[in-house]
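File shown here: model-v4.tsv, holding TSV, C-alpha atoms and all ligand atoms.
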chain	number	residue	atom	x	y	z
G	201	MET	CA	0.00	0.00	0.00
G	202	GLU	CA	1.16	3.53	-0.73
G	203	LYS	CA	1.45	6.17	1.99
G	204	SER	CA	-2.09	7.21	2.87
G	205	ILE	CA	-4.36	8.79	5.43
G	206	PHE	CA	-6.87	6.50	7.13
G	207	LEU	CA	-10.04	8.28	8.13
G	208	ALA	CA	-11.20	7.08	11.58
G	209	LEU	CA	-14.86	6.09	11.25
G	210	ASP	CA	-15.75	6.62	14.88
G	211	PHE	CA	-19.51	6.49	14.42
G	212	PRO	CA	-22.04	4.44	16.39
G	213	THR	CA	-23.81	2.79	13.41
G	214	TRP	CA	-23.24	1.82	9.78
G	215	GLN	CA	-26.17	4.04	8.75
G	216	GLU	CA	-24.46	7.13	10.19
G	217	THR	CA	-21.12	6.07	8.72
G	218	LYS	CA	-22.57	5.49	5.26
G	219	ASP	CA	-24.49	8.77	5.33
G	220	PHE	CA	-21.33	10.65	6.32
G	221	LEU	CA	-19.17	9.05	3.60
G	222	ASN	CA	-21.79	9.58	0.90
G	223	PHE	CA	-22.84	13.08	1.91
G	224	HIS	CA	-19.22	14.27	1.90
G	225	GLU	CA	-18.30	12.24	-1.18
G	226	LEU	CA	-15.48	10.43	0.57
G	227	TYR	CA	-15.70	7.53	-1.88
G	228	GLY	CA	-13.06	4.82	-1.54
G	229	VAL	CA	-10.86	6.70	0.94
G	230	PRO	CA	-8.76	4.53	3.29
G	231	VAL	CA	-10.72	4.06	6.51
G	232	LYS	CA	-10.09	2.91	10.04
G	233	VAL	CA	-12.84	0.89	11.73
G	234	GLY	CA	-12.58	0.86	15.50
G	235	MET	CA	-14.32	-0.76	18.42
G	236	GLU	CA	-17.36	1.53	18.43
G	237	LEU	CA	-18.52	0.68	14.92
G	238	PHE	CA	-17.32	-2.94	14.81
G	239	TYR	CA	-18.89	-3.90	18.13
G	240	ARG	CA	-22.23	-2.64	16.84
G	241	GLU	CA	-22.17	-3.84	13.25
G	242	GLY	CA	-19.68	-6.73	13.20
G	243	PRO	CA	-18.05	-8.16	10.07
G	244	LYS	CA	-20.81	-6.89	7.77
G	245	VAL	CA	-19.48	-3.35	8.10
G	246	ILE	CA	-16.20	-4.60	6.65
G	247	GLU	CA	-18.01	-6.30	3.77
G	248	SER	CA	-19.89	-3.07	3.00
G	249	LEU	CA	-16.73	-0.95	3.06
G	250	LYS	CA	-14.85	-3.46	0.92
G	251	ALA	CA	-17.69	-3.45	-1.60
G	252	ASN	CA	-17.09	0.29	-1.88
G	253	ASN	CA	-13.33	-0.18	-2.39
G	254	HIS	CA	-12.14	1.37	0.87
G	255	PRO	CA	-8.73	0.14	2.08
G	256	ILE	CA	-9.37	-0.87	5.71
G	257	PHE	CA	-7.42	-0.71	8.96
G	258	LEU	CA	-9.38	-2.73	11.55
G	259	ASP	CA	-8.33	-1.16	14.85
G	260	LEU	CA	-9.50	-3.61	17.53
G	261	LYS	CA	-6.26	-3.60	19.55
G	262	LEU	CA	-6.41	-7.23	20.69
G	263	HIS	CA	-4.89	-7.87	24.11
G	264	ASP	CA	-5.45	-11.28	25.73
G	265	ILE	CA	-3.64	-14.55	26.34
G	266	PRO	CA	-1.72	-15.82	23.28
G	267	THR	CA	-4.09	-18.65	22.32
G	268	THR	CA	-7.19	-16.46	22.48
G	269	VAL	CA	-5.54	-13.82	20.33
G	270	MET	CA	-4.30	-16.42	17.83
G	271	ARG	CA	-7.83	-17.83	17.44
G	272	ALA	CA	-9.40	-14.39	17.19
G	273	MET	CA	-6.86	-13.47	14.50
G	274	ARG	CA	-7.70	-16.66	12.62
G	275	ASN	CA	-11.30	-15.42	12.41
G	276	LEU	CA	-10.30	-11.85	11.55
G	277	SER	CA	-7.96	-13.08	8.80
G	278	SER	CA	-10.94	-14.10	6.65
G	279	LEU	CA	-12.26	-10.51	6.56
G	280	GLY	CA	-9.59	-9.43	4.09
G	281	VAL	CA	-8.74	-6.12	5.75
G	282	ASP	CA	-5.41	-4.46	5.01
G	283	ILE	CA	-4.23	-3.94	8.60
G	284	VAL	CA	-5.20	-5.35	12.03
G	285	ASN	CA	-3.59	-4.69	15.38
G	286	VAL	CA	-2.80	-5.92	18.87
G	287	HIS	CA	-1.47	-4.15	21.96
G	288	ALA	CA	2.30	-4.62	22.30
G	289	LEU	CA	1.66	-4.75	26.05
G	290	GLY	CA	0.31	-8.28	25.48
G	291	GLY	CA	3.94	-9.39	25.17
G	292	SER	CA	6.12	-11.26	22.72
G	293	GLU	CA	4.33	-14.61	22.79
G	294	MET	CA	0.97	-12.94	22.13
G	295	ILE	CA	2.37	-11.06	19.13
G	296	LYS	CA	3.92	-14.25	17.75
G	297	ARG	CA	0.64	-16.14	18.06
G	298	ALA	CA	-1.32	-13.22	16.55
G	299	LYS	CA	0.91	-13.46	13.49
G	300	GLU	CA	0.39	-17.22	13.38
G	301	GLY	CA	-3.39	-16.72	13.44
G	302	LEU	CA	-3.19	-14.33	10.51
G	303	SER	CA	-0.84	-16.41	8.38
G	304	GLY	CA	-1.82	-18.92	5.77
G	305	GLY	CA	-5.07	-17.23	4.78
G	306	GLN	CA	-5.90	-15.87	1.34
G	307	PHE	CA	-5.19	-12.22	2.26
G	308	ASP	CA	-1.96	-10.39	3.04
G	309	THR	CA	-3.24	-8.61	6.17
G	310	LYS	CA	-0.51	-6.65	7.97
G	311	LEU	CA	-0.16	-7.08	11.73
G	312	ILE	CA	0.80	-4.01	13.71
G	313	ALA	CA	1.26	-3.50	17.45
G	314	VAL	CA	0.15	-0.50	19.46
G	315	THR	CA	3.16	0.91	21.36
G	316	VAL	CA	2.12	3.79	23.64
G	317	LEU	CA	-1.38	5.18	23.03
G	318	THR	CA	-1.28	8.75	21.73
G	319	SER	CA	-3.63	9.71	24.58
G	320	MET	CA	-0.80	9.02	27.07
G	321	ASP	CA	2.26	10.99	28.10
G	322	THR	CA	5.36	10.15	30.11
G	323	GLU	CA	3.57	10.89	33.36
G	324	THR	CA	0.87	8.33	32.55
G	325	LEU	CA	3.57	5.72	31.93
G	326	ASN	CA	5.72	6.50	34.98
G	327	VAL	CA	3.14	7.43	37.60
G	328	GLU	CA	0.00	5.48	36.70
G	329	LEU	CA	1.42	2.41	35.00
G	330	MET	CA	4.81	2.35	36.76
G	331	ILE	CA	6.61	1.92	33.42
G	332	PRO	CA	9.95	3.77	33.56
G	333	GLY	CA	11.35	5.82	30.67
G	334	ASN	CA	9.78	8.45	28.48
G	335	THR	CA	7.16	7.82	25.78
G	336	GLU	CA	9.83	7.76	23.08
G	337	ASP	CA	12.05	5.17	24.82
G	338	VAL	CA	9.09	2.94	25.62
G	339	ALA	CA	7.59	3.18	22.12
G	340	VAL	CA	10.96	2.32	20.51
G	341	HIS	CA	11.46	-0.61	22.90
G	342	PHE	CA	7.95	-1.97	22.19
G	343	ALA	CA	8.47	-1.54	18.45
G	344	ASP	CA	11.74	-3.45	18.62
G	345	PHE	CA	10.26	-6.47	20.35
G	346	ALA	CA	7.09	-6.31	18.21
G	347	LYS	CA	9.31	-6.54	15.12
G	348	ARG	CA	11.38	-9.38	16.55
G	349	ASN	CA	8.15	-11.31	17.14
G	350	GLY	CA	6.68	-10.96	13.68
G	351	ALA	CA	4.80	-7.65	13.58
G	352	ASP	CA	4.91	-5.73	10.30
G	353	GLY	CA	4.81	-2.39	12.06
G	354	VAL	CA	3.45	-0.37	14.94
G	355	VAL	CA	0.99	2.29	15.96
G	356	CYS	CA	2.93	5.14	17.54
G	357	SER	CA	2.82	8.90	17.68
G	358	VAL	CA	4.50	11.02	15.05
G	359	HIS	CA	7.12	11.95	17.63
G	360	GLU	CA	8.55	8.43	17.76
G	361	SER	CA	8.10	7.41	14.14
G	362	MET	CA	11.62	8.29	12.96
G	363	GLN	CA	13.39	6.74	15.95
G	364	ILE	CA	11.39	3.55	15.38
G	365	LYS	CA	12.41	3.49	11.71
G	366	GLU	CA	16.04	3.99	12.72
G	367	LYS	CA	15.85	1.07	15.15
G	368	CYS	CA	13.63	-1.32	13.20
G	369	GLY	CA	14.33	-0.43	9.56
G	370	MET	CA	12.65	1.82	7.04
G	371	ASP	CA	10.33	-0.93	5.82
G	372	PHE	CA	8.88	-1.45	9.32
G	373	LEU	CA	5.51	0.32	9.15
G	374	THR	CA	4.62	3.23	11.39
G	375	VAL	CA	0.95	4.17	11.65
G	376	THR	CA	0.38	7.46	13.44
G	377	PRO	CA	-2.89	8.63	15.01
G	378	GLY	CA	-3.08	11.92	16.93
G	379	ILE	CA	-3.07	13.91	13.68
G	380	ARG	CA	-4.53	17.40	13.98
G	381	LEU	CA	-5.18	20.14	11.46
G	382	GLU	CA	-4.10	23.58	12.58
G	383	ASP	CA	-7.45	24.84	13.85
G	384	SER	CA	-8.62	21.58	15.49
G	385	SER	CA	-9.04	20.76	19.14
G	386	ARG	CA	-6.58	18.36	20.79
G	387	ASP	CA	-9.51	16.49	22.44
G	388	ASP	CA	-8.23	13.58	24.56
G	389	GLN	CA	-4.95	13.24	22.65
G	390	LYS	CA	-1.62	14.08	24.31
G	391	ARG	CA	0.93	13.42	21.53
G	392	ILE	CA	-0.37	15.19	18.44
G	393	ALA	CA	1.15	16.62	15.25
G	394	SER	CA	0.19	18.03	11.87
G	395	PRO	CA	-0.03	15.87	8.74
G	396	SER	CA	3.09	17.44	7.24
G	397	TYR	CA	5.12	16.83	10.39
G	398	ALA	CA	3.97	13.19	10.34
G	399	VAL	CA	5.27	12.60	6.84
G	400	GLU	CA	8.54	14.47	7.53
G	401	ASN	CA	9.03	12.09	10.45
G	402	GLY	CA	8.66	8.99	8.32
G	403	ALA	CA	5.06	7.95	9.09
G	404	ASP	CA	3.76	5.48	6.50
G	405	PHE	CA	0.08	5.78	7.34
G	406	LEU	CA	-1.62	8.64	9.16
G	407	VAL	CA	-4.88	8.24	11.07
G	408	ILE	CA	-7.15	11.25	11.25
G	409	GLY	CA	-10.56	11.33	12.91
G	410	ARG	CA	-12.20	14.30	14.55
G	411	SER	CA	-10.16	16.93	12.67
G	412	VAL	CA	-12.15	15.74	9.65
G	413	THR	CA	-15.38	14.22	10.99
G	414	LYS	CA	-16.11	17.20	13.25
G	415	ALA	CA	-14.97	19.82	10.74
G	416	LYS	CA	-17.50	22.20	9.24
G	417	HIS	CA	-16.52	20.90	5.80
G	418	PRO	CA	-15.17	17.35	6.26
G	419	ARG	CA	-14.29	16.76	2.62
G	420	GLU	CA	-12.29	19.98	2.49
G	421	ALA	CA	-10.55	19.10	5.78
G	422	TYR	CA	-9.60	15.64	4.47
G	423	GLU	CA	-8.25	17.17	1.26
G	424	ARG	CA	-6.32	19.75	3.26
G	425	ALA	CA	-4.65	16.95	5.21
G	426	LEU	CA	-3.75	15.14	1.97
G	427	LYS	CA	-2.35	18.31	0.43
G	428	GLU	CA	-0.37	19.22	3.53
G	429	CYS	CA	1.56	16.00	3.44
G	430	GLY	CA	1.69	15.47	-0.30
G	431	VAL	CA	-0.16	12.15	-0.15
G	432	LYS	CA	-2.63	11.19	-2.88
L	501	LIG	O1	-2.54	5.31	20.06
L	501	LIG	C1	-3.64	5.37	19.46
L	501	LIG	C2	-4.21	4.28	18.87
L	501	LIG	C3	-5.40	4.43	18.20
L	501	LIG	N1	-6.03	5.62	18.13
L	501	LIG	C4	-7.30	5.71	17.38
L	501	LIG	O2	-7.14	6.66	16.31
L	501	LIG	C5	-8.29	7.48	16.20
L	501	LIG	C6	-7.89	8.91	16.40
L	501	LIG	O3	-9.01	9.73	16.33
L	501	LIG	P1	-8.91	11.34	16.45
L	501	LIG	O4	-10.35	11.74	16.42
L	501	LIG	O5	-8.13	11.81	15.25
L	501	LIG	O6	-8.25	11.65	17.74
L	501	LIG	C7	-9.31	6.98	17.20
L	501	LIG	O7	-10.18	6.12	16.52
L	501	LIG	C8	-8.50	6.18	18.21
L	501	LIG	O8	-9.20	5.06	18.69
L	501	LIG	C9	-5.46	6.71	18.73
L	501	LIG	O9	-6.01	7.81	18.71
L	501	LIG	N2	-4.26	6.56	19.38
Please lay out the structure from this file as structure tokens.
Amino acid sequence: MEKSIFLALDFPTWQETKDFLNFHELYGVPVKVGMELFYREGPKVIESLKANNHPIFLDLKLHDIPTTVMRAMRNLSSLGVDIVNVHALGGSEMIKRAKEGLSGGQFDTKLIAVTVLTSMDTETLNVELMIPGNTEDVAVHFADFAKRNGADGVVCSVHESMQIKEKCGMDFLTVTPGIRLEDSSRDDQKRIASPSYAVENGADFLVIGRSVTKAKHPREAYERALKECGVK
């Protein structure tokens, strides 16, 4: 897949999602389906999006014991999405088994691991979770062991993308949420950046949600993001 911007479809129902995509003429744009939509609509939302030629990142962030994740991945592998993910915090064995669950199917679905959520900062890691180090050190460490256990890439913030590439190689994918257009609110995100900064820092795929979905003119906002980072 070429560098692209995944639009986060954080809507409660398929009807609202479909109306939004059609009304704003966002035909065939790469999309991210998260827990909110998938837990309501299930696999049929993926079928509908695929029928409309949307590349799909299924962002369910699996995190459980290795066997459960392997079996869940076996089921998800038949959906034919482009990217699925797990939490790196599940550990090396879980990542390995997730990859095993995905392999051998008819689709080349990429497995990526969430490093440090973009809604967290160093204080969250050190004080709440008792994980030492700053967000950058921890994200690079998680990326390194995710790669060594079969992941094709990671979810990280823009601020760690380049260091992760330096450690894990340029072909190791970095997917960066927390993207904000200039006039947008930060919402619950702590580690944010603009689309152009994301691309300058080596991000392969950007994830943008509310900066577009809550914009006055969503189509214009999405196009502005594309233009800012020179992605088609
Ligand atoms: O670290 C992470 C991992 C996933 N996300 C998801 O990306 C979008 C971001 O939405 P915005 O509205 O652009 O903030 C959302 O669906 C999250 O679940 C993330 O933000 N950070």
I'd like the contact shell of Phe220 (chain G) - 10 Å cut-off, all atoms listed in the file, skipping same-chain residues fewer than 5 positions apart - returned as a PyMOL selection string. chain G and resi 209+211+214-215+225-226+413+418
Restricted to C-alpha atoms, what would the selected residues look like written as a CSV table (one decimal), in the coordinates of the input?
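File part-v3.csv, as written:
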chain,number,residue,atom,x,y,z
G,209,LEU,CA,-14.9,6.1,11.2
G,211,PHE,CA,-19.5,6.5,14.4
G,214,TRP,CA,-23.2,1.8,9.8
G,215,GLN,CA,-26.2,4.0,8.8
G,225,GLU,CA,-18.3,12.2,-1.2
G,226,LEU,CA,-15.5,10.4,0.6
G,413,THR,CA,-15.4,14.2,11.0
G,418,PRO,CA,-15.2,17.4,6.3
Near Ile364 (chain G), within 9 Å and counting all atoms listed in the file, which residues show up once chain neighbours fewer than 4 positions away are dropped, as a list of chain:residue names? G:Glu336, G:Ala339, G:Val340, G:His341, G:Ala343, G:Asp344, G:Val354, G:Cys356, G:Glu360, G:Cys368, G:Gly369, G:Met370, G:Phe372, G:Thr374
At most 7 Å is the cut-off: for each residue in chain G with any atom that close to an atom of ligand LIG 501 (chain L), write down the nearest atom pair and the distance in Å rounded to one decimal, counting only C-alpha atoms and all ligand atoms, chain first then increasing number, as a Markdown table.
| residue | atom | partner | partner_atom | distance |
| --- | --- | --- | --- | --- |
| G:Ala208 | CA | L:LIG501 | O7 | 5.1 |
| G:Asp210 | CA | L:LIG501 | O7 | 5.8 |
| G:Gly234 | CA | L:LIG501 | O7 | 5.9 |
| G:Val314 | CA | L:LIG501 | O1 | 6.4 |
| G:Val316 | CA | L:LIG501 | O1 | 6.1 |
| G:Leu317 | CA | L:LIG501 | O1 | 3.2 |
| G:Thr318 | CA | L:LIG501 | O1 | 4.0 |
| G:Ser319 | CA | L:LIG501 | N2 | 6.1 |
| G:Val355 | CA | L:LIG501 | O1 | 6.2 |
| G:Cys356 | CA | L:LIG501 | O1 | 6.0 |
| G:Ser357 | CA | L:LIG501 | O1 | 6.9 |
| G:Pro377 | CA | L:LIG501 | O2 | 4.9 |
| G:Gly378 | CA | L:LIG501 | O6 | 5.2 |
| G:Ile379 | CA | L:LIG501 | O5 | 5.7 |
| G:Arg380 | CA | L:LIG501 | O5 | 6.8 |
| G:Asp387 | CA | L:LIG501 | O6 | 6.9 |
| G:Gln389 | CA | L:LIG501 | O6 | 6.1 |
| G:Val407 | CA | L:LIG501 | O2 | 5.9 |
| G:Ile408 | CA | L:LIG501 | O5 | 4.2 |
| G:Gly409 | CA | L:LIG501 | O5 | 3.4 |
| G:Arg410 | CA | L:LIG501 | O4 | 3.7 |
| G:Ser411 | CA | L:LIG501 | O5 | 6.1 |
Those selected residues, please, written with C-alpha atoms and delivered as a tab-separated table (two decimals), keeping the file's coordinate frame.
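Output contents, as saved in out-v6.tsv:
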chain	number	residue	atom	x	y	z
G	208	ALA	CA	-11.20	7.08	11.58
G	210	ASP	CA	-15.75	6.62	14.88
G	234	GLY	CA	-12.58	0.86	15.50
G	314	VAL	CA	0.15	-0.50	19.46
G	316	VAL	CA	2.12	3.79	23.64
G	317	LEU	CA	-1.38	5.18	23.03
G	318	THR	CA	-1.28	8.75	21.73
G	319	SER	CA	-3.63	9.71	24.58
G	355	VAL	CA	0.99	2.29	15.96
G	356	CYS	CA	2.93	5.14	17.54
G	357	SER	CA	2.82	8.90	17.68
G	377	PRO	CA	-2.89	8.63	15.01
G	378	GLY	CA	-3.08	11.92	16.93
G	379	ILE	CA	-3.07	13.91	13.68
G	380	ARG	CA	-4.53	17.40	13.98
G	387	ASP	CA	-9.51	16.49	22.44
G	389	GLN	CA	-4.95	13.24	22.65
G	407	VAL	CA	-4.88	8.24	11.07
G	408	ILE	CA	-7.15	11.25	11.25
G	409	GLY	CA	-10.56	11.33	12.91
G	410	ARG	CA	-12.20	14.30	14.55
G	411	SER	CA	-10.16	16.93	12.67
Pick from G:Thr322, G:Thr315, G:Ser278, G:Asn285, whichever lies nearest to Pro243 (chain G) using all atoms listed in the file: G:Ser278
So that all listed atoms of region 379-391 of chain G fit with 8 Å spare on each side, what axis-aligned box centre and edge lengths in Å, to one decimal, would you give as AutoDock Vina command-line options?
--center_x -4.3 --center_y 19.0 --center_z 18.0 --size_x 26.4 --size_y 27.6 --size_z 29.1
Residues within 7 Å of (-8.1, -2.2, 11.7), counting all atoms listed in the file, listed as a PyMOL selection string: chain G and resi 232-234+256-260+283-285
Which residues are near Lys244 (chain G)? Cut-off 10 Å, only C-alpha atoms, ignore same chain within fewer than 5 positions. Put them as a PyMOL selection string. chain G and resi 214+238+249-250+279
For region 303-417 of chain G against region 261-274 of chain G, with a cut-off of 9 Å and counting only C-alpha atoms, what is the closest atom pair and its distance in Å to one decimal for every residue that makes the cut, ordered by chain and number, as CSV?
residue,atom,partner,partner_atom,distance
G:Ser303,CA,G:Arg274,CA,8.1
G:Gly305,CA,G:Arg274,CA,8.3
G:Ala313,CA,G:Lys261,CA,7.8
G:Val314,CA,G:Lys261,CA,7.1
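Comparing G:Gly350, G:Pro230, G:Gly333, G:Gly280 by their smallest distance to Lys296 (chain G), the closest is G:Gly350 (using all atoms listed in the file).
Minimum distance to Arg348 (chain G) across G:Asn334, G:Ser384, G:Ser292, G:Asn253 (counting all atoms listed in the file) occurs at G:Ser292.
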